[in-house]
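Chemist: So here's run.cif, just mmCIF, C-alpha atoms:
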```cif
data_coords
loop_
_atom_site.label_atom_id
_atom_site.label_comp_id
_atom_site.auth_asym_id
_atom_site.auth_seq_id
_atom_site.Cartn_x
_atom_site.Cartn_y
_atom_site.Cartn_z
CA MET I 264 24.48 115.32 -70.61
CA PRO I 265 27.36 112.94 -71.39
CA LEU I 266 26.64 109.59 -73.10
CA THR I 267 27.02 106.34 -71.08
CA PHE I 268 27.26 102.62 -72.02
CA LEU I 269 26.58 99.97 -69.40
CA GLY I 270 26.82 102.61 -66.74
CA GLN I 271 30.26 103.94 -68.04
CA PRO I 272 30.72 107.41 -69.63
CA LEU I 273 31.71 107.32 -73.34
CA ARG I 274 33.96 109.58 -75.25
CA SER I 275 32.76 111.15 -78.52
CA ALA I 276 34.88 109.10 -80.90
CA THR I 277 33.91 105.86 -79.32
CA ALA I 278 30.23 106.72 -79.45
CA TRP I 279 30.39 107.30 -83.18
CA ARG I 280 32.03 103.97 -83.79
CA ILE I 281 29.35 102.12 -81.99
CA ALA I 282 26.62 103.92 -83.88
CA LEU I 283 28.12 102.96 -87.24
CA VAL I 284 28.38 99.31 -86.28
CA LEU I 285 24.79 99.16 -85.23
CA ALA I 286 23.64 100.78 -88.45
CA ALA I 287 25.52 98.21 -90.53
CA VAL I 288 24.04 95.29 -88.60
CA LEU I 289 20.52 96.58 -89.13
CA GLY I 290 21.04 96.93 -92.84
CA LEU I 291 22.23 93.38 -93.27
CA HIS I 292 19.22 92.00 -91.40
CA SER I 293 16.82 93.96 -93.56
CA CYS I 294 18.27 92.48 -96.77
CA ALA I 295 18.03 88.91 -95.44
CA LEU I 296 14.39 89.28 -94.52
CA TYR I 297 13.51 90.57 -97.94
CA GLU I 298 15.01 87.57 -99.74
CA VAL I 299 13.20 85.11 -97.57
CA ALA I 300 9.86 86.77 -98.18
CA ALA I 301 10.40 86.73 -102.00
CA GLY I 302 11.10 82.99 -101.98
CA LEU I 303 7.95 82.18 -100.00
CA ASP I 304 5.76 83.90 -102.55
CA THR I 305 6.73 81.40 -105.29
CA LEU I 306 5.42 78.42 -103.23
CA LYS I 307 1.64 78.30 -103.85
CA PRO I 308 -0.58 75.21 -103.35
CA GLU I 309 -2.43 75.63 -106.57
CA ASP I 310 0.73 75.57 -108.69
CA THR I 311 0.41 72.42 -110.93
CA THR I 312 4.03 72.45 -111.89
CA GLN I 313 4.94 71.17 -108.44
CA THR I 314 5.36 67.37 -108.15
CA THR I 315 5.46 65.08 -105.08
CA LEU I 316 8.49 62.86 -104.76
CA THR I 317 8.23 59.39 -103.20
CA VAL I 318 11.29 58.43 -101.24
CA ALA I 319 11.96 54.74 -100.30
CA LEU I 320 14.51 53.86 -97.66
CA ILE I 321 17.13 51.33 -98.80
CA ALA I 322 17.87 48.57 -96.25
CA PRO I 323 21.55 48.38 -95.29
CA PRO I 324 23.50 45.36 -96.59
CA PRO I 325 23.78 42.34 -94.17
CA LEU I 326 26.74 42.29 -91.84
CA PRO I 327 29.52 39.86 -92.69
CA PRO I 328 29.81 36.79 -90.38
CA GLU I 329 32.01 37.22 -87.37
CA ALA I 330 35.46 35.86 -87.84
CA ALA I 331 36.77 33.48 -85.14
CA PRO I 332 39.10 35.29 -82.77
CA THR I 333 42.71 34.79 -83.64
CA PRO I 334 44.54 33.05 -80.80
CA ALA I 335 47.28 35.04 -79.24
CA PRO I 336 50.74 33.84 -80.26
CA THR I 337 52.45 31.63 -77.68
CA ARG I 338 55.48 33.29 -76.22
CA PRO I 339 58.47 30.97 -76.41
CA PRO I 340 60.05 30.22 -73.08
CA ARG I 341 62.96 32.34 -72.20
CA PRO I 342 66.16 30.28 -72.15
CA ARG I 343 67.85 30.28 -68.83
CA SER I 344 71.44 31.05 -68.42
CA GLN I 345 73.58 27.94 -67.88
CA ALA I 346 75.32 29.64 -65.11
CA ALA I 347 72.20 30.42 -63.16
CA PRO I 348 71.63 27.75 -60.46
CA SER I 349 68.31 26.02 -60.62
CA LEU I 350 66.05 25.82 -57.60
CA PRO I 351 65.81 22.37 -55.99
CA ALA I 352 62.66 20.48 -56.75
CA PRO I 353 60.24 20.59 -53.85
CA ALA I 354 60.17 17.42 -51.76
CA PRO I 355 57.11 15.31 -52.38
CA PRO I 356 54.55 15.61 -49.61
CA PRO I 357 54.57 12.74 -47.11
CA PRO I 358 52.05 10.09 -47.93
CA LEU I 359 48.81 10.51 -46.12
CA PRO I 360 47.99 7.78 -43.60
CA PRO I 361 45.47 5.33 -44.86
CA PRO I 362 42.01 6.28 -43.86
CA ARG I 363 40.98 4.67 -40.63
CA GLU I 364 38.33 2.17 -41.09
CA VAL I 365 35.26 3.35 -39.28
CA GLU I 366 33.43 0.44 -37.82
CA PRO I 367 29.81 0.70 -38.65
CA GLU I 368 27.73 1.50 -35.66
CA PRO I 369 25.72 -1.50 -34.58
CA PRO I 370 22.05 -1.07 -35.11
CA PRO I 371 20.32 0.11 -32.00
CA SER I 372 19.47 -2.93 -29.99
CA THR I 373 15.92 -3.32 -28.96
CA PRO I 374 15.75 -2.86 -25.21
CA PRO I 375 14.61 -5.99 -23.47
CA PRO I 376 11.02 -5.85 -22.39
CA VAL I 377 10.60 -4.53 -18.93
CA VAL I 378 9.43 -7.37 -16.80
CA GLU I 379 7.78 -6.13 -13.68
CA PRO I 380 8.78 -8.17 -10.68
CA ALA I 381 6.12 -10.43 -9.41
CA PRO I 382 4.49 -9.00 -6.34
CA SER I 383 5.97 -10.54 -3.28
CA PRO I 384 3.53 -12.51 -1.22
CA PRO I 385 2.22 -10.64 1.76
CA VAL I 386 4.29 -11.13 4.83
CA VAL I 387 2.26 -13.05 7.30
CA GLU I 388 3.37 -12.10 10.73
CA GLU I 389 3.51 -15.06 13.05
CA PRO I 390 1.15 -14.66 15.96
CA ARG I 391 2.70 -13.89 19.29
CA LEU I 392 1.54 -16.64 21.58
CA PRO I 393 1.12 -16.64 25.33
CA PRO I 394 3.89 -18.32 27.34
CA GLY I 395 3.55 -22.07 27.71
CA VAL I 396 0.95 -22.59 24.98
CA ASN I 397 3.41 -24.53 22.81
CA ASP I 398 3.91 -26.99 25.66
CA LEU I 399 0.26 -28.03 25.50
CA PRO I 400 -1.10 -30.72 23.18
CA LYS I 401 -2.72 -29.11 20.13
CA THR I 402 -5.86 -31.17 20.64
CA GLY I 403 -7.07 -33.08 23.60
CA ARG I 404 -9.84 -34.00 25.98
CA ILE I 405 -10.14 -34.11 29.74
CA ALA I 406 -13.07 -35.62 31.64
CA TYR I 407 -14.72 -34.57 34.89
CA ARG I 408 -17.31 -36.17 37.15
CA THR I 409 -19.94 -33.50 37.79
CA THR I 410 -22.64 -33.23 40.43
CA TYR I 411 -25.44 -30.65 40.54
CA THR I 412 -27.41 -30.04 43.72
CA ARG I 413 -30.67 -29.60 41.83
CA MET I 414 -30.34 -33.15 40.54
CA ARG I 415 -29.39 -35.17 43.56
CA GLY I 416 -28.06 -38.64 43.03
CA ILE I 417 -26.85 -37.89 39.48
CA ARG I 418 -23.14 -37.87 38.78
CA ALA I 419 -22.71 -36.70 35.23
CA LEU I 420 -19.74 -37.19 32.94
CA THR I 421 -18.41 -33.89 31.55
CA PHE I 422 -15.96 -33.62 28.66
CA VAL I 423 -13.78 -30.61 27.85
CA ASP I 424 -12.32 -30.70 24.33
CA TRP I 425 -9.77 -28.18 23.10
CA ASN I 426 -8.19 -27.37 19.77
CA VAL I 427 -5.21 -25.01 19.64
CA ASP I 428 -3.69 -23.77 16.34
CA PRO I 429 -0.46 -21.89 17.14
CA ALA I 430 0.22 -21.16 13.45
CA ARG I 431 -3.01 -19.20 13.15
CA GLY I 432 -3.10 -18.14 16.77
CA ARG I 433 -6.62 -19.57 17.28
CA TYR I 434 -8.31 -21.76 19.86
CA GLU I 435 -11.64 -23.55 20.42
CA LEU I 436 -13.05 -24.98 23.67
CA TRP I 437 -16.13 -27.13 24.22
CA LEU I 438 -17.45 -28.28 27.59
CA ARG I 439 -20.53 -30.51 27.72
CA THR I 440 -22.17 -33.10 29.91
CA VAL I 441 -22.70 -36.35 28.08
CA ASP I 442 -24.15 -38.69 30.71
CA PRO I 443 -26.81 -37.54 31.07
CA ALA I 444 -26.68 -35.18 28.12
CA GLY I 445 -28.11 -31.70 28.05
CA LEU I 446 -27.23 -30.53 31.53
CA LEU I 447 -24.54 -28.10 30.44
CA ASP I 448 -23.09 -27.05 27.08
CA LEU I 449 -20.44 -24.28 26.88
CA LYS I 450 -18.43 -23.15 23.84
CA SER I 451 -15.68 -20.57 23.57
CA SER I 452 -13.58 -19.51 20.56
CA GLY I 453 -11.13 -16.72 19.86
CA SER I 454 -7.46 -15.91 19.41
CA LEU I 455 -4.23 -16.41 21.30
CA GLN I 456 -2.43 -13.22 22.30
CA PRO I 457 0.79 -12.52 24.19
CA PHE I 458 -1.23 -11.81 27.33
CA GLY I 459 -3.09 -15.13 27.03
CA ILE I 460 -6.48 -16.18 25.69
CA ALA I 461 -8.62 -13.55 23.93
CA PRO I 462 -12.21 -14.87 23.61
CA GLU I 463 -14.37 -13.61 20.77
CA LYS I 464 -17.55 -15.68 21.13
CA TYR I 465 -19.09 -17.49 24.09
CA VAL I 466 -22.30 -19.57 24.10
CA GLU I 467 -23.86 -21.18 27.20
CA ARG I 468 -26.82 -23.58 26.99
CA ILE I 469 -28.61 -25.38 29.80
CA ASP I 470 -31.32 -27.54 28.29
CA ILE I 471 -32.99 -28.51 31.57
CA ALA I 472 -33.54 -24.81 32.30
CA ASN I 473 -34.27 -23.90 28.66
CA ARG I 474 -31.70 -21.13 28.91
CA GLU I 475 -29.13 -19.74 26.52
CA LEU I 476 -26.64 -16.91 27.02
CA ARG I 477 -24.32 -15.35 24.44
CA ALA I 478 -21.41 -12.97 24.69
CA GLU I 479 -19.38 -11.54 21.80
CA PHE I 480 -16.15 -9.59 22.22
CA ASP I 481 -15.11 -7.02 19.60
CA TRP I 482 -11.38 -6.52 20.11
CA THR I 483 -11.21 -3.65 17.63
CA SER I 484 -13.61 -1.44 19.54
CA ARG I 485 -13.03 -3.24 22.87
CA VAL I 486 -16.79 -3.57 23.38
CA ALA I 487 -18.66 -6.75 24.39
CA SER I 488 -22.33 -7.39 23.58
CA PHE I 489 -24.61 -9.83 25.40
CA ALA I 490 -27.83 -11.72 24.69
CA GLY I 491 -30.11 -13.90 26.80
CA ARG I 492 -32.06 -13.67 30.02
CA GLY I 493 -30.59 -11.02 32.31
CA ALA I 494 -28.21 -9.66 29.64
CA VAL I 495 -27.10 -6.04 30.00
CA PRO I 496 -26.32 -3.47 27.24
CA PRO I 497 -22.92 -3.59 25.50
CA ALA I 498 -20.01 -2.68 27.72
CA GLY I 499 -16.32 -1.94 27.27
CA PHE I 500 -13.57 -4.26 28.43
CA VAL I 501 -9.82 -4.25 28.92
CA GLU I 502 -7.04 -6.56 27.78
CA GLY I 503 -7.24 -9.89 29.57
CA VAL I 504 -11.03 -10.21 29.66
CA GLN I 505 -12.30 -13.81 29.72
CA ASP I 506 -15.54 -15.78 29.50
CA PRO I 507 -16.43 -18.48 32.09
CA LEU I 508 -14.97 -21.31 29.96
CA SER I 509 -11.80 -19.62 28.65
CA LEU I 510 -11.02 -18.58 32.23
CA GLN I 511 -10.42 -22.26 33.12
CA PHE I 512 -7.50 -22.35 30.64
CA HIS I 513 -6.29 -18.76 30.90
CA VAL I 514 -5.53 -18.96 34.64
CA PRO I 515 -3.31 -22.10 34.28
CA LEU I 516 -1.34 -20.39 31.47
CA LEU I 517 -0.65 -17.41 33.71
CA ALA I 518 0.30 -19.67 36.62
CA GLN I 519 2.86 -21.47 34.43
CA ALA I 520 4.36 -18.21 33.13
CA TYR I 521 4.22 -16.21 36.41
CA PRO I 522 4.13 -18.65 39.35
CA TRP I 523 5.22 -15.90 41.79
CA ARG I 524 1.87 -14.19 41.23
CA PHE I 525 0.09 -17.24 42.66
CA THR I 526 1.53 -17.45 46.12
CA PRO I 527 -0.88 -17.89 49.08
CA GLY I 528 -2.32 -14.55 50.17
CA ALA I 529 -2.01 -12.90 46.74
CA GLU I 530 -4.93 -11.65 44.67
CA VAL I 531 -5.43 -11.99 40.94
CA THR I 532 -8.08 -9.96 39.12
CA PHE I 533 -9.81 -10.65 35.79
CA GLN I 534 -12.72 -9.25 33.82
CA VAL I 535 -15.24 -11.95 32.88
CA GLY I 536 -18.08 -11.49 30.37
CA ARG I 537 -21.23 -13.61 30.64
CA ARG I 538 -24.45 -11.58 31.02
CA GLY I 539 -22.30 -8.47 31.36
CA ILE I 540 -18.79 -7.51 32.34
CA GLU I 541 -17.94 -8.50 35.91
CA SER I 542 -14.74 -8.22 37.92
CA TYR I 543 -13.47 -11.54 39.27
CA VAL I 544 -11.03 -11.01 42.15
CA PHE I 545 -9.46 -14.32 43.09
CA ARG I 546 -7.72 -14.76 46.40
CA VAL I 547 -4.95 -17.36 46.44
CA GLU I 548 -5.81 -19.55 49.45
CA ALA I 549 -3.48 -22.51 50.09
CA TYR I 550 -2.51 -25.94 48.82
CA GLU I 551 -5.08 -28.67 49.44
CA ALA I 552 -5.35 -32.36 48.66
CA VAL I 553 -7.83 -33.31 45.93
CA ARG I 554 -8.75 -36.97 45.58
CA ILE I 555 -8.82 -38.23 41.99
CA GLY I 556 -9.81 -41.85 41.80
CA GLU I 557 -7.48 -43.69 44.13
CA ARG I 558 -4.94 -40.89 44.33
CA GLU I 559 -4.61 -37.57 46.08
CA VAL I 560 -3.13 -34.63 44.21
CA ARG I 561 -1.69 -31.50 45.77
CA ALA I 562 -3.51 -28.49 44.31
CA LEU I 563 -3.50 -24.73 44.88
CA LYS I 564 -6.93 -23.26 45.61
CA LEU I 565 -8.16 -19.92 44.18
CA GLU I 566 -11.44 -18.52 45.43
CA ARG I 567 -13.68 -15.72 44.29
CA PRO I 568 -16.04 -15.11 47.22
CA ARG I 569 -19.63 -14.17 46.63
CA THR I 570 -20.31 -10.55 47.54
CA PRO I 571 -23.23 -8.15 47.06
CA THR I 572 -21.65 -7.10 43.78
CA SER I 573 -20.71 -10.57 42.52
CA SER I 574 -23.24 -12.98 41.03
CA ARG I 575 -21.67 -16.28 42.07
CA LYS I 576 -18.87 -17.89 43.98
CA VAL I 577 -16.08 -19.55 41.98
CA GLU I 578 -13.44 -21.98 43.31
CA ILE I 579 -10.58 -23.46 41.26
CA TRP I 580 -7.97 -26.06 42.32
CA MET I 581 -4.87 -26.23 40.08
CA ALA I 582 -2.18 -28.95 40.23
CA PRO I 583 1.34 -27.57 39.53
CA GLN I 584 2.71 -31.05 38.79
CA TYR I 585 0.24 -31.34 35.86
CA GLN I 586 0.99 -27.96 34.25
CA TRP I 587 -1.42 -26.24 36.64
CA LEU I 588 -4.33 -28.20 35.20
CA PRO I 589 -7.63 -27.48 37.03
CA VAL I 590 -8.35 -30.73 38.84
CA ARG I 591 -11.50 -29.39 40.49
CA LEU I 592 -13.98 -26.56 39.76
CA ARG I 593 -16.95 -25.51 41.87
CA TYR I 594 -19.56 -22.85 41.08
CA THR I 595 -22.20 -21.63 43.53
CA ASP I 596 -24.95 -19.45 42.05
CA THR I 597 -27.22 -16.92 43.71
CA ASN I 598 -29.71 -19.66 44.65
CA ASP I 599 -26.95 -21.61 46.41
CA GLU I 600 -27.09 -24.29 43.74
CA VAL I 601 -23.67 -25.87 43.28
CA TRP I 602 -21.91 -27.32 40.21
CA ASP I 603 -18.96 -29.42 41.35
CA SER I 604 -16.62 -31.05 38.80
CA VAL I 605 -13.65 -33.25 39.77
CA LEU I 606 -11.11 -34.59 37.29
CA ALA I 607 -12.09 -38.16 36.31
CA ALA I 608 -8.61 -39.28 35.23
CA LEU I 609 -5.14 -37.77 35.34
CA PRO I 610 -3.19 -36.97 32.17
CA GLY I 611 -1.60 -40.12 30.81
CA GLU I 612 -4.33 -42.32 32.24
CA GLU I 613 -7.16 -43.84 30.29
CA GLN I 614 -9.95 -41.34 29.99
CA PRO I 615 -13.62 -42.27 30.37
CA ARG I 616 -15.42 -42.78 27.10
CA ASP I 617 -18.61 -41.18 25.94
CA PRO I 618 -21.48 -43.66 26.50
CA ARG I 619 -23.06 -42.58 23.23
CA GLU I 620 -19.89 -43.57 21.42
CA LEU I 621 -20.00 -46.98 23.09
CA GLU I 622 -23.56 -47.48 21.91
CA ARG I 623 -22.53 -46.76 18.28
CA GLU I 624 -19.78 -49.35 18.34
CA VAL I 625 -20.57 -52.66 16.66
CA ILE I 626 -20.09 -55.50 19.15
CA LYS I 627 -18.59 -58.46 17.34
CA PRO I 628 -19.36 -62.03 18.60
#
```
Since I need it in another form, could you write the structure as structure tokens?
Modeler:
Amino acid sequence: MPLTFLGQPLRSATAWRIALVLAAVLGLHSCALYEVAAGLDTLKPEDTTQTTLTVALIAPPPLPPEAAPTPAPTRPPRPRSQAAPSLPAPAPPPPLPPPREVEPEPPPSTPPPVVEPAPSPPVVEEPRLPPGVNDLPKTGRIAYRTTYTRMRGIRALTFVDWNVDPARGRYELWLRTVDPAGLLDLKSSGSLQPFGIAPEKYVERIDIANRELRAEFDWTSRVASFAGRGAVPPAGFVEGVQDPLSLQFHVPLLAQAYPWRFTPGAEVTFQVGRRGIESYVFRVEAYEAVRIGEREVRALKLERPRTPTSSRKVEIWMAPQYQWLPVRLRYTDTNDEVWDSVLAALPGEEQPRDPRELEREVIKP
């Protein structure tokens, strides 16, 4: 079988060379191992001839102080050639404008205190008055001579006082007999409206009969309430309602404002509240002469006839030449008793005086 080395076949001569080299290497290694083993045998612990050496480390000498660094030599400037043109010096920069003075901002002003405007006074709307009311005296009195069939032979003196306040749109009326006193006492108060008089409270007293009637008119709800003998439950009413006393002034106001409505043959209708709400339908009759003192006055007669549905008959005579003032009034009740009042003196004439006032006067000698 041929010899191989590392997978390659070897020739005979080459194989012998390799064998000799290997033999020499083994011999050298054997000699070295022997010498090492002989030296180790001489080192025994119990050998007193061996001494231990103490070795001390010597500190290195201190470093010399650092020398200051030597500055680098300054290179002299290189001389320029005289022939070489020099660059022009740069122009100096233009001077900067002086800084603009900044005005200091004013300190924030304190805003003025907010003053709330004073509330404006409430606007008071002027009352709308009925036509012709400004032509009447604001206060006044008219006198009538009154007869009553139940008291024959007595001719009483009756005063009608009025007070009109156009600024407030209010009125007050007071009718009373004063000689003798206590026969009749009527009061009416309320407001003035564009349509005329708007009563709010009516009181009727007759002392000789020990009778009192009341009527109150609520214009917000348009309901009237009544009190007294024969009074009915509350009832509704319409614009233009009157009481027996305010009617005597309301009709003349309408006649002044609308005379064409008071021509003979026409009819004028009102609601009147006394014991209840009644409908007063007046028929315009004709002009008649009414005697007042020594004079006769031409007056237009209005009549409300008594019917099964009406409680009493009412007759009114108005004189156009005296602002349609009632110069005569006559009432006939269900018992056929009659109140008849005739004007005692014309406007501008001396009016009768209250006998009670005469008694209070001090008569000087």
Chemist: Would you pick out the contacts of range 543-552 of chain I at 9 Å or less, using all atoms listed in the file, so that residues sharing its chain but fewer than 3 positions from it are not included, and give the list as a list in words?
Modeler: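 These residues fall inside the cut-off: Phe525, Thr526, Pro527, Gly528, Ala529, Glu530, Val531, Thr532, Phe533, Gln534, Val535, Glu559, Val560, Arg561, Ala562, Leu563, Lys564, Leu565, Glu566, Arg567, Pro568, Ser573, Val577, Glu578 and Trp580 of chain I.
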Chemist: To test your reading of the syntax: which residues would the PyMOL selection byres ((chain I and resi 425-431) around 6) return for the file shown? Reply as a list in words.
Modeler: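 Selection result, ordered by chain and number: Lys401, Thr402, Gly403, Asp424, Gly432, Arg433, Tyr434, Glu435 and Leu436 of chain I.
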Chemist: Report the residues retrieved by the PyMOL selection byres ((chain I and resi 593) around 12) from the displayed file, expressed as a PyMOL selection string.
Modeler: chain I and resi 407-412+511+564-568+575-580+589-592+594-596+599-606
Chemist: Hey, can you spit out that residue selection with C-alpha atoms as a tab-separated table (two decimals), in the frame of the given file?
Modeler:
```tsv
chain	number	residue	atom	x	y	z
I	407	TYR	CA	-14.72	-34.57	34.89
I	408	ARG	CA	-17.31	-36.17	37.15
I	409	THR	CA	-19.94	-33.50	37.79
I	410	THR	CA	-22.64	-33.23	40.43
I	411	TYR	CA	-25.44	-30.65	40.54
I	412	THR	CA	-27.41	-30.04	43.72
I	511	GLN	CA	-10.42	-22.26	33.12
I	564	LYS	CA	-6.93	-23.26	45.61
I	565	LEU	CA	-8.16	-19.92	44.18
I	566	GLU	CA	-11.44	-18.52	45.43
I	567	ARG	CA	-13.68	-15.72	44.29
I	568	PRO	CA	-16.04	-15.11	47.22
I	575	ARG	CA	-21.67	-16.28	42.07
I	576	LYS	CA	-18.87	-17.89	43.98
I	577	VAL	CA	-16.08	-19.55	41.98
I	578	GLU	CA	-13.44	-21.98	43.31
I	579	ILE	CA	-10.58	-23.46	41.26
I	580	TRP	CA	-7.97	-26.06	42.32
I	589	PRO	CA	-7.63	-27.48	37.03
I	590	VAL	CA	-8.35	-30.73	38.84
I	591	ARG	CA	-11.50	-29.39	40.49
I	592	LEU	CA	-13.98	-26.56	39.76
I	594	TYR	CA	-19.56	-22.85	41.08
I	595	THR	CA	-22.20	-21.63	43.53
I	596	ASP	CA	-24.95	-19.45	42.05
I	599	ASP	CA	-26.95	-21.61	46.41
I	600	GLU	CA	-27.09	-24.29	43.74
I	601	VAL	CA	-23.67	-25.87	43.28
I	602	TRP	CA	-21.91	-27.32	40.21
I	603	ASP	CA	-18.96	-29.42	41.35
I	604	SER	CA	-16.62	-31.05	38.80
I	605	VAL	CA	-13.65	-33.25	39.77
I	606	LEU	CA	-11.11	-34.59	37.29
```
Chemist: Could you work out how far CA of Ser484 in chain I lies from CA of Val501 in chain I, giving the answer in Å with one decimal?
Modeler: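 CA of Val501 in chain I sits 10.5 Å away from CA of Ser484 in chain I.
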Chemist: Could you tell me how far CA of Arg404 in chain I lies from CA of Gln505 in chain I, in Å and to one decimal?
Modeler: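 CA of Gln505 in chain I lies 20.7 Å from CA of Arg404 in chain I.
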Chemist: Find the residue from I:Arg477, I:Arg413, I:His513, I:Arg280 that sits nearest to Gln456 in chain I; use all atoms listed in the file when measuring.
Modeler: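 Ranking I:Arg477, I:Arg413, I:His513, I:Arg280 by distance to Gln456 in chain I, first place goes to I:His513.
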Chemist: On this file, the PyMOL selection byres ((chain I and resi 487-489) around 9) gives some set of residues; write that set as a list in words.
Modeler: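 Those residues are Glu463, Leu476, Arg477, Ala478, Glu479, Phe480, Asp481, Trp482, Ser484, Arg485, Val486, Ala490, Gly491, Ala494, Val495, Pro496, Pro497, Ala498, Gly499, Phe500, Gly536, Arg537, Arg538, Gly539 and Ile540 of chain I.
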Chemist: State, in Å with one decimal place, the distance from CA of Lys464 in chain I to CA of Ser452 in chain I.
Modeler: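 Rounded to one decimal, the two atoms are 5.5 Å apart.
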Chemist: Nearest to Gly459 in chain I among I:Ala608, I:Val514, I:Ile281, I:Arg558, with distances taken over only C-alpha atoms: which residue is it?
Modeler: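 Checking each candidate against Gly459 in chain I, we get I:Val514 as the closest.
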Chemist: Which residue, I:Ser574, I:Ile417, I:Asp617, I:Leu285, has the smallest gap to Arg439 in chain I when you use all atoms listed in the file?
Modeler: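 Nearest candidate to Arg439 in chain I out of I:Ser574, I:Ile417, I:Asp617, I:Leu285: I:Asp617.
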Chemist: Here is a test: counting all atoms listed in the file, which residue of I:Asn473, I:Thr597, I:Trp523, I:Leu588 is nearest to Thr570 in chain I?
Modeler: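 Of I:Asn473, I:Thr597, I:Trp523, I:Leu588, the one nearest Thr570 in chain I, counting all atoms listed in the file, is I:Thr597.
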